[in-house]
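First comes the structure, then the notes that go with it.
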Number of protein chains: 4
Amino acid sequence: MIIVIKPHTPRAQIDEVIAEVQKLGYDPRPIFGTEQTVVAAIGDERTHHTLESLNALPQVETVIRVQKRYQLVSRESHPADSIIDVDGVPVGGPHFGLMAGPCSVESESQLMQTAHAVKAAGATILRGGAFKPRTSPYEFQGLGSEGLRLLSLAKRETGLKIITELLSEVHVDEVAEHSDILQIGARNAQNFQLLIAAARTGKPILLKRGISERIDEWLLAAEYIMAHGNPNVFLCERGIRTFETATRNTLDLGAVAIAKKESHLPVIVDPSQGCGRADLVRQMCKGAVAVGADGLLIEVHPNPAEALSDGQQQVSLEGFAQLVKELQPFLQATGHST
Amino acid sequence: MIIVIKPHTPRAQIDEVIAEVQKLGYDPRPIFGTEQTVVAAIGDERTHHTLESLNALPQVETVIRVQKRYQLVSRESHPADSIIDVDGVPVGGPHFGLMAGPCSVESESQLMQTAHAVKAAGATILRGGAFKPRTSPYEFQGLGSEGLRLLSLAKRETGLKIITELLSEVHVDEVAEHSDILQIGARNAQNFQLLIAAARTGKPILLKRGISERIDEWLLAAEYIMAHGNPNVFLCERGIRTFETATRNTLDLGAVAIAKKESHLPVIVDPSQGCGRADLVRQMCKGAVAVGADGLLIEVHPNPAEALSDGQQQVSLEGFAQLVKELQPFLQATGHST
Amino acid sequence: MIIVIKPHTPRAQIDEVIAEVQKLGYDPRPIFGTEQTVVAAIGDERTHHTLESLNALPQVETVIRVQKRYQLVSRESHPADSIIDVDGVPVGGPHFGLMAGPCSVESESQLMQTAHAVKAAGATILRGGAFKPRTSPYEFQGLGSEGLRLLSLAKRETGLKIITELLSEVHVDEVAEHSDILQIGARNAQNFQLLIAAARTGKPILLKRGISERIDEWLLAAEYIMAHGNPNVFLCERGIRTFETATRNTLDLGAVAIAKKESHLPVIVDPSQGCGRADLVRQMCKGAVAVGADGLLIEVHPNPAEALSDGQQQVSLEGFAQLVKELQPFLQATGHST
Amino acid sequence: MIIVIKPHTPRAQIDEVIAEVQKLGYDPRPIFGTEQTVVAAIGDERTHHTLESLNALPQVETVIRVQKRYQLVSRESHPADSIIDVDGVPVGGPHFGLMAGPCSVESESQLMQTAHAVKAAGATILRGGAFKPRTSPYEFQGLGSEGLRLLSLAKRETGLKIITELLSEVHVDEVAEHSDILQIGARNAQNFQLLIAAARTGKPILLKRGISERIDEWLLAAEYIMAHGNPNVFLCERGIRTFETATRNTLDLGAVAIAKKESHLPVIVDPSQGCGRADLVRQMCKGAVAVGADGLLIEVHPNPAEALSDGQQQVSLEGFAQLVKELQPFLQATGHST
C-alpha cells in the first residue's frame with residue numbers, strides 16, 4: 001500500500017506513520033518528494049491488517065491500495081478461460097450458453113409452452129423464477145415450491161437444463177435439488193452468507209452484478225464462492241443503476257470486456273433486466289456477443305402483456321426465435337458454437 | 001395508472017389497449033388529446049395485476065403509476081410521528097436517539113472502554129458489529145457469537161441499549177437475544193427474506209437504505225417489515241453511491257427530509273458510513289439534526305488507526321464527546337431532548 | 001400533461017387546479033379514481049406555458065409530461081435514416097463513418113504520420129484537437145490556430161475530411177474554415193449559445209452527449225441545432241459518468257439503440273473517451289457496430305505513452321489497423337459499407 | 001506520481017518504465033514489493049508532462065496521482081477564510097450572504113414586488129435570470145437585455161446587490177455592467193472560455209458545481225478563474241445528478257464540508273436547484289447552514305404556480321420571510337451575522 005502524507009508534515013509525524021506501518025506488520029519505505037512524502041508499505045495486503053485505518057491519522061492524506069484483492073477468480077491465477085459443466089452442457093470458451101425462459105414461472109402451460117419454444121429456437125438452458133424478490137410486498141412473489149416442481153417437469157419433458165433464483169439460505173437444499181444453476185440476484189449480490197451457502201452445494205452459480213456494484217466488488221463476491229470451494233461461477237452483467245431513466249438500468253457492456261480481462265470465469269449478459277425494455281433486447285444481445293460475452297440470459301413469455309412480473313422486458317416466443325437467428329453472424333464472428 | 005399511447009395510433013389499436021385494461025380488472029377512461037391519447041385506468045394498483053406489462057404492447061409508449069405503493073409506512077396512514085420504545089428508551093418525535101460505538105466489536109477492553117465513554121458523553125444506545133459483512137472474503141469478518149456475548153456484557157455493565165447487525169436468517173434468534181435493535185445493513189436492504197425473518201422477532205429494526213436504493217424502494221422495504229406485523233422500524237440514511245470519489249458515499253440529507261414527509265417512522269442518520277471520513281462526521285451530524293433527523297448512529301473507536309475495520313471513518317472517544325457538546329444548540333433549535 | 005392530485009383532497013381544491021389549468025391555456029379533463037384524482041390537460045405542451053409550475057400548489061402531488069419535447073430530430077418527423085454529406089463523404093444509413101486521429105494535434109510530424117496511417121487503414125475522416133478543454137488550467141491547452149492550420153495541411157495532403165472541436169463562440173469562423181465537421185464536446189453539450197452559433201455555420205456538427213445528460217436532453221440539444229436551421233447533426237455517445245471507477249466513463253451502448261429508435265440522425269460512438277482505456281477500444285468498437293452505430297470516432301497516436309493528452313486511451317497506429325480489420329465481419333453483419 | 005507495475009513483469013520491462021519516467025522529466029524511485037513493483041516519480045506534477053500517458057504501456061497497471069492539482073484556491077495557499085466584497089456587502093467568514101429572487105425576471109412588477117419582499121425579510125443580494133439556459137429550445141429563454149435593465153432598476157430602488165447568470169462570452173460586458181456577481185451555471189461549469197472571460201471583468205463570480213462534477217474538478221474550474229487574475233470566487237453547491245428521482249438533484253451537503261476544508265473560498269448553497277422542490281427548501285437551508293455554508297441562493301416568486309420557469313422549486317414571498325426567521329438559531333449556532 002502507499003500512504004500519502006500531507007504536504008508540510010514535520011519529520012516527527014512522518015516517523016509516526018512509519019512506526020505504525022511497521023507495527024501493523026509491513027516493511028515501510030518512505031520516499032521524500034519535492035512537495036510530499038509517500039510511504040510504500042511492503043507486505044501482502046491480503047493477509048495483513050488493512051492499512052486503510054491509517055487514514056485516521058491527521059497527517060495522512062490518503063492510503064492507496066496497490067494489490068488487487070481477488071486471487072482465485074483472477075486471470076493471473078488461471079490464464080485459460082474456465083468452461084463450466086452444466087449437467088452435461090459446457091458453457092464458456094467456445095461454448096456459448098443460451099439461457100431463456102419466463103421471468104416468473106406462472107403456470108404449467110405457460111412454462112411448457114415457453115420451454116418447447118426456446119428449445120426449438122436453440123436454447124439449452126431454461127430460466128424461470130419460482131421464488132421472486134419483489135420491490136413491494138403486495139406484488140406477486142412467485143409460485144415457490146410449486147414453481148420448482150414445474151421447472152423439474154420441464155427439464156424431464158424437454159431435456160433443457162434449469163436455472164432459477166435462490167434468495168434465502170433457508171431454501172438452499174430445495175432449490176439446489178430442482179436446478180442445474182443457482183442464480184443469485186442483484187439484490188443479494190453482496191449477501192455473503194447466501195453466497196457461502198450456495199457455494200457449498202457444489203452446483204454452478206450464476207452471480208449477478210449488484211445494481212451499483214463496482215467490478216472489483218463483483219469479482220470479490222465471486223471470490224467468496226471460490227474461496228468456499230466452488231469454482232463453477234458465472235459472472236452475470238445485468239445493468240447498473242445510473243441517472244438515465246429511458247432504461248430501467250444501464251447495461252454496462254464495458255464491464256463484460258473488463259471481467260473477461262480480469263477473470264477466467266465465463267460472463268453472461270442479461271439484456272432483459274439490463275435495459276428493462278423488450279424493444280432493445282435484440283440489439284443489446286448483438287452488442288453483448290460482440291464485446292465477448294459467453295452467454296445470454298433472456299426473458300421470454302408467451303404473452304408479455306399479461307405477464308405477472310416484468311412484462312415490459314420479456315420478448316415473445318416468435319421474437320426470441322427471430323433474435324437467435326439474427327445472432328448467428330455475430331456468434332460466428334466471435335468464434336462461438338451454440 | 002395512466003397508459004400513454006404512441007402518437008398516430010389507429011383507433012382499433014387504442015381499443016385493444018382499452019380492452020386489455022378492462023381484462024386486467026381496471027375501469028378504462030380514454031382521453032383523446034391533440035396529439036396523443038392516454039387511457040386512465042381506475043382501480044387500486046396495490047391489489048390488482050400491475051399494468052406495467054402493457055408496455056409490452058407496441059402501441060403503448062409508457063405506463064405511468066399514479067398511486068404510491070406503500071401504505072402502512074406512509075404519513076397518510078399515521079399522521080403523527082412514531083415513537084419507538086427501545087427497551088425503555090423512547091426514540092422519535094421529541095426524543096433524539098444517540099447511538100454510538102465501534103464499527104466492529106474487537107475485544108472486551110475495546111468495547112467496554114468505548115461503551116463507558118459514549119455513555120458519559122450522552123449516548124443511550126451502543127452500536128457494535130459482531131457479524132460483519134465485508135467486501136472481501138479475506139477481511140476480518142467479526143467475532144460472531146463472542147461479539148454478541150460482549151455486547152450483552154456491555155449492556156449489563158453500562159445500561160446502554162444494544163444495536164447490532166443481523167445478516168443471516170440463520171442468526172435471527174441468536175442476534176435477537178443479544179440486542180435491542182436489529183440492524184439491517186445496506187447490502188441486505190432488499191433481502192426481503194431477512195426482513196421478514198427480522199420482523200417476526202418483534203424487536204425494533206433499523207433498516208439502512210441500500211447503496212443505490214430510491215426513496216420509494218426504501219419505504220417499500222420498510223413496508224415489508226410492517227406488513228409482517230412489526231411497526232417498530234427506524235429508517236436509516238447512510239449515504240448513497242454516486243460518481244463522487246472524495247467521499248465513500250454521498251450522504252443524502254434531502255432523503256431525510258423526504259422520508260420525514262412521506263412516513264411517520266423515525267429517521268436515523270449514519271454519518272460514518274455516510275461519508276466514510278471521520279473528519280466530516282462532526283459537520284454532517286449537525287446537518288442531519290438541522291434537516292430533521294430523529295437520531296444518529298456514529299462509529300467511535302478508542303484508537304481508530306488500529307481498528308480492524310473502517311478505521312478511517314471512526315471518531316475517537318474525545319472526538320465523540322466534543323461532537324455531542326457541539327450538537328446541543330442544533331438539538332435545541334429543532335426541539336429535541338436527548 | 002397529467003396532474004396528479006394528492007389523496008383526500010377536497011373538491012374545492014381540485015377545482016382550483018382545474019381552473020388554473022384552464023387559465024394557462026389547456027383544456028382540463030378530471031378523472032376521479034378510487035383513491036386519487038388526476039386531471040388530464042389537453043393542449044400542445046410545446047407551445048403552451050409548462051404546467052410543471054403547478055407542482056407549486058400544495059394539493060398537487062406531481063405533474064407528468066406526456067408529450068415528447070423534441071420534434072425535428074424525432075424519427076416520427078423523418079422516418080428514414082438521415083445521411084449527412086461531409087464534404088463529399090456520406091455518413092449514415094448504409095455508409096459507416098470511420099473517424100480517427102490523435103486526441104490533440106501536437107506537431108506536424110505527429111499529425112501527418114497519424115493521418116497517413118489512419119487513411120491507409122480505412123478511415124475517411126481525420127480527428128484532432130486544436131483547442132482543448134482541460135480540467136486543469138495547468139494542462140496542455142492545444143496548439144490553437146496553429147493546430148487548425150496543420151489540420152488543413154493534412155486534408156490537402158491526404159484528402160481526409162476534418163473533424164475538430166469548437167469550444168468558444170469566439171472561434172466559430174476560424175474553426176469552421178478549417179474543418180468539415182464541428183465537434184461539440186461533452187462539457188459544452190448544453191452550452192446552447194455555442195450550439196446556436198455552430199448551427200449557423202451550416203457545417204455538419206457532431207454533438208457529444210454530456211457526461212450525465214439524459215437521452216431526451218441530448219436530443220433536445222440536437223433540436224436546438226435543427227431549430228436554428230442546420231439539419232446536419234451527428235449524435236455522439238462518448239460514455240456517461242457513473243459510480244464505476246474501473247473505466248473513466250461508462251460507454252452506454254443502450255443509448256445508441258434508443259437514439260436510433262427515437263431519432264433519424266446518425267449516431268457515432270467514441271470508445272476512446274467512452275472507456276478512457278485503450279485496451280478496451282477494440283471490443284467496444286465491435287459492440288458499438290453490433291448495436292447499430294453509424295460510425296466511430298477513435299483516438300490514435302503514434303506513441304501513446306508520450307502523448308500530451310489522454311495517452312492512456314489512444315491506440316497505436318498498428319493497433320488501429322488491426323482493429324479496422326477485425327471490425328469487418330461486424331460491419332458486414334450489420335449491412336454497412338465503409 | 002506512483003506507477004504501479006503489473007505482477008510478474010520481467011525486470012527489463014520495469015526498466016523501460018523507469019527510463020520513460022526519467023525521459024519525461026521525473027526522478028524515478030522503484031520499490032520492489034513482495035508481489036508487485038511500484039515506481040515513485042519525483043517531480044512537480046503541475047509543471048511537468050503528466051505521467052498518466054504511461055498507462056499506455058502494457059506492463060503498467062495503473063498510474064496514481066499523489067499531488068493535488070489546484071493551488072490558488074487551496075486552503076494551504078491561503079489558510080484564512082476569504083471574504084468577498086460584493087459592491088460593499090461582505091460575504092464569507094462571519095458574514096452570511098443571503099441571496100434571493102425569482103428564477104427568471106418576468107416583468108417589472110414581478111421583480112419589484114419580489115425585491116422589496118426579500119429585502120424586508122433580510123436578503124442583501126437579489127437574484128434573477130435575464131438570459132436563461134433551457135433544456136428545450138421551445139421554452140422561455142428569458143427577457144435578455146430587458147431583464148438586465150430591470151435588475152439595475154431594482155438595485156437603484158432597493159439598494160440590493162445583483163446576481164445574474166452569464167451564459168455567453170458575447171454577453172460578458174453587458175451582464176457585467178448590470179450585475180455585482182456573475183453567476184456561472186451548472187451547464188457551463190467547465191466552459192473554460194466563459195470562465196476566463198468572466199474572470200477578466202474583475203467582478204465577483206459565483207461558480208456553480210456542474211451536475212456531475214467531482215469536487216476536485218469544481219475546484220479546478222475555480223482555479224481557472226483565480227489563475228486568470230480574479231480571486232473573488234464563490235463556490236456554489238446546487239445538487240448533483242444521481243439515480244434518485246424523488247428530487248430533481250441530490251443536494252450534496254458533504255461537498256460543502258469538503259470544499260470548506262480544501263479551499264478558502266466562500267461556499268454558497270442553492271437549495272432550490274439543489275432539490276428542485278419548494279417543499280424541501282426550508283429544511284435544506286437549515287442543513288446547509290449547519291454544515292458550514294457561507295450563504296444561500298434561494299428562488300422566490302410572488303406566484304410560483306404561474307412562474308415562467310421552475311415554478312415547482314420557487315418559494316412564495318411569505319414562505320421566504322418565514323424561512324429567514326426559522327434560520328436564525330442555526331445562524332447563531334454557527335457564529336454568523338446576516
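In the C-alpha cells, each chain is lettered A, B, ... as it comes, each chain's residues begin at 1, and ligands are numbered from 1 in order of appearance.
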Chain B contacts on chain A, only C-alpha atoms, 8 Å, as a PyMOL selection string: chain A and resi 46-47+49-50+52-57+69-70+133+135-139+167-170+187-188+190-194+211-212+217+220-221+223-224+227+241+278+304-314
Name all residues at most 7 Å from region 286-294 of chain D (count only C-alpha atoms; drop same-chain ones fewer than 4 positions away) and give them as a compact mmCIF listing (two decimals) with N, CA and C atoms, in the first residue's frame.
# COMPACT_ATOMS: atom_id res chain seq x y z
N GLN B 283 -19.52 17.80 11.16
CA GLN B 283 -20.38 18.71 10.39
C GLN B 283 -21.63 18.02 9.86
N MET B 284 -21.47 16.77 9.43
CA MET B 284 -22.63 16.08 8.88
C MET B 284 -23.65 15.76 9.97
N LYS B 286 -24.34 17.75 12.47
CA LYS B 286 -25.09 19.00 12.63
C LYS B 286 -26.11 19.15 11.50
N GLY B 287 -25.67 18.87 10.28
CA GLY B 287 -26.58 18.96 9.14
C GLY B 287 -27.75 18.01 9.29
N ALA B 288 -27.48 16.81 9.77
CA ALA B 288 -28.53 15.80 9.92
C ALA B 288 -29.58 16.27 10.92
N ALA B 290 -30.22 19.34 11.72
CA ALA B 290 -30.90 20.52 11.18
C ALA B 290 -31.99 20.16 10.18
N VAL B 291 -31.77 19.12 9.36
CA VAL B 291 -32.80 18.77 8.37
C VAL B 291 -33.92 17.94 8.98
N GLY D 92 -18.71 35.93 3.43
CA GLY D 92 -17.63 34.98 3.77
C GLY D 92 -17.22 35.20 5.21
N PHE D 96 -22.71 36.16 6.59
CA PHE D 96 -23.54 35.25 5.82
C PHE D 96 -24.18 36.00 4.65
N GLY D 97 -24.17 35.36 3.47
CA GLY D 97 -24.72 36.02 2.28
C GLY D 97 -26.09 35.46 1.93
N LEU D 253 -24.53 18.03 0.68
CA LEU D 253 -24.02 18.91 1.74
C LEU D 253 -22.65 18.46 2.22
N VAL D 256 -20.09 20.56 0.64
CA VAL D 256 -19.88 21.88 1.27
C VAL D 256 -18.81 21.75 2.35
N ALA D 257 -18.93 20.71 3.17
CA ALA D 257 -17.95 20.50 4.23
C ALA D 257 -16.55 20.29 3.65
N PRO D 266 -15.51 31.19 -0.16
CA PRO D 266 -16.81 31.01 0.46
C PRO D 266 -17.68 30.05 -0.36
N VAL D 267 -18.50 29.30 0.34
CA VAL D 267 -19.35 28.30 -0.31
C VAL D 267 -20.82 28.67 -0.10
N ILE D 268 -21.52 28.79 -1.20
CA ILE D 268 -22.93 29.15 -1.18
C ILE D 268 -23.74 27.91 -1.55
N VAL D 269 -24.91 27.75 -0.96
CA VAL D 269 -25.75 26.60 -1.30
C VAL D 269 -27.03 27.10 -1.98
N ARG D 282 -36.88 24.83 2.95
CA ARG D 282 -36.72 25.27 4.33
C ARG D 282 -35.75 24.37 5.09
N LEU D 327 -34.34 30.37 10.26
CA LEU D 327 -32.89 30.13 10.13
C LEU D 327 -32.08 30.72 11.27
N PHE D 330 -29.98 28.73 13.79
CA PHE D 330 -28.90 27.98 13.15
C PHE D 330 -27.74 28.92 12.80
N LEU D 331 -28.09 30.12 12.35
CA LEU D 331 -27.03 31.10 12.06
C LEU D 331 -26.29 31.49 13.33
N THR D 334 -23.85 28.79 14.38
CA THR D 334 -22.64 28.69 13.55
C THR D 334 -21.84 30.00 13.53
Polymer residues at most 9 Å from Met112 (chain D), only C-alpha atoms, same-chain spacing of 3 or more positions, as a list in words: Ser107, Glu108, Ser109, Ala115, His116, Ala117, Leu150, Leu151, Leu153, Ala154, Glu157 and Thr158 of chain D
Filtered DSSP result for region 44-185 of chain A, state alpha helix (DSSP H), as a ChimeraX atom specification: /A:108-121,145-158,172-178
Straight-line distance linking CA of Val86 (chain D) with CA of Gly319 (chain D), stated in Å to one decimal: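 Atom-to-atom, CA of Val86 (chain D) and CA of Gly319 (chain D) are spaced 25.9 Å apart.
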Strand (DSSP E or B) positions in region 18-257 of chain B, given as a ChimeraX atom specification: /B:27-32,37-42,60-64,74,84-86,89-92,95,97-101,104,125-127,129,161-165,181-184,205-208,233-237,240,250
CA of His301 (chain C) to CA of Thr9 (chain D), distance in Å rounded to a single decimal: 24.8 Å
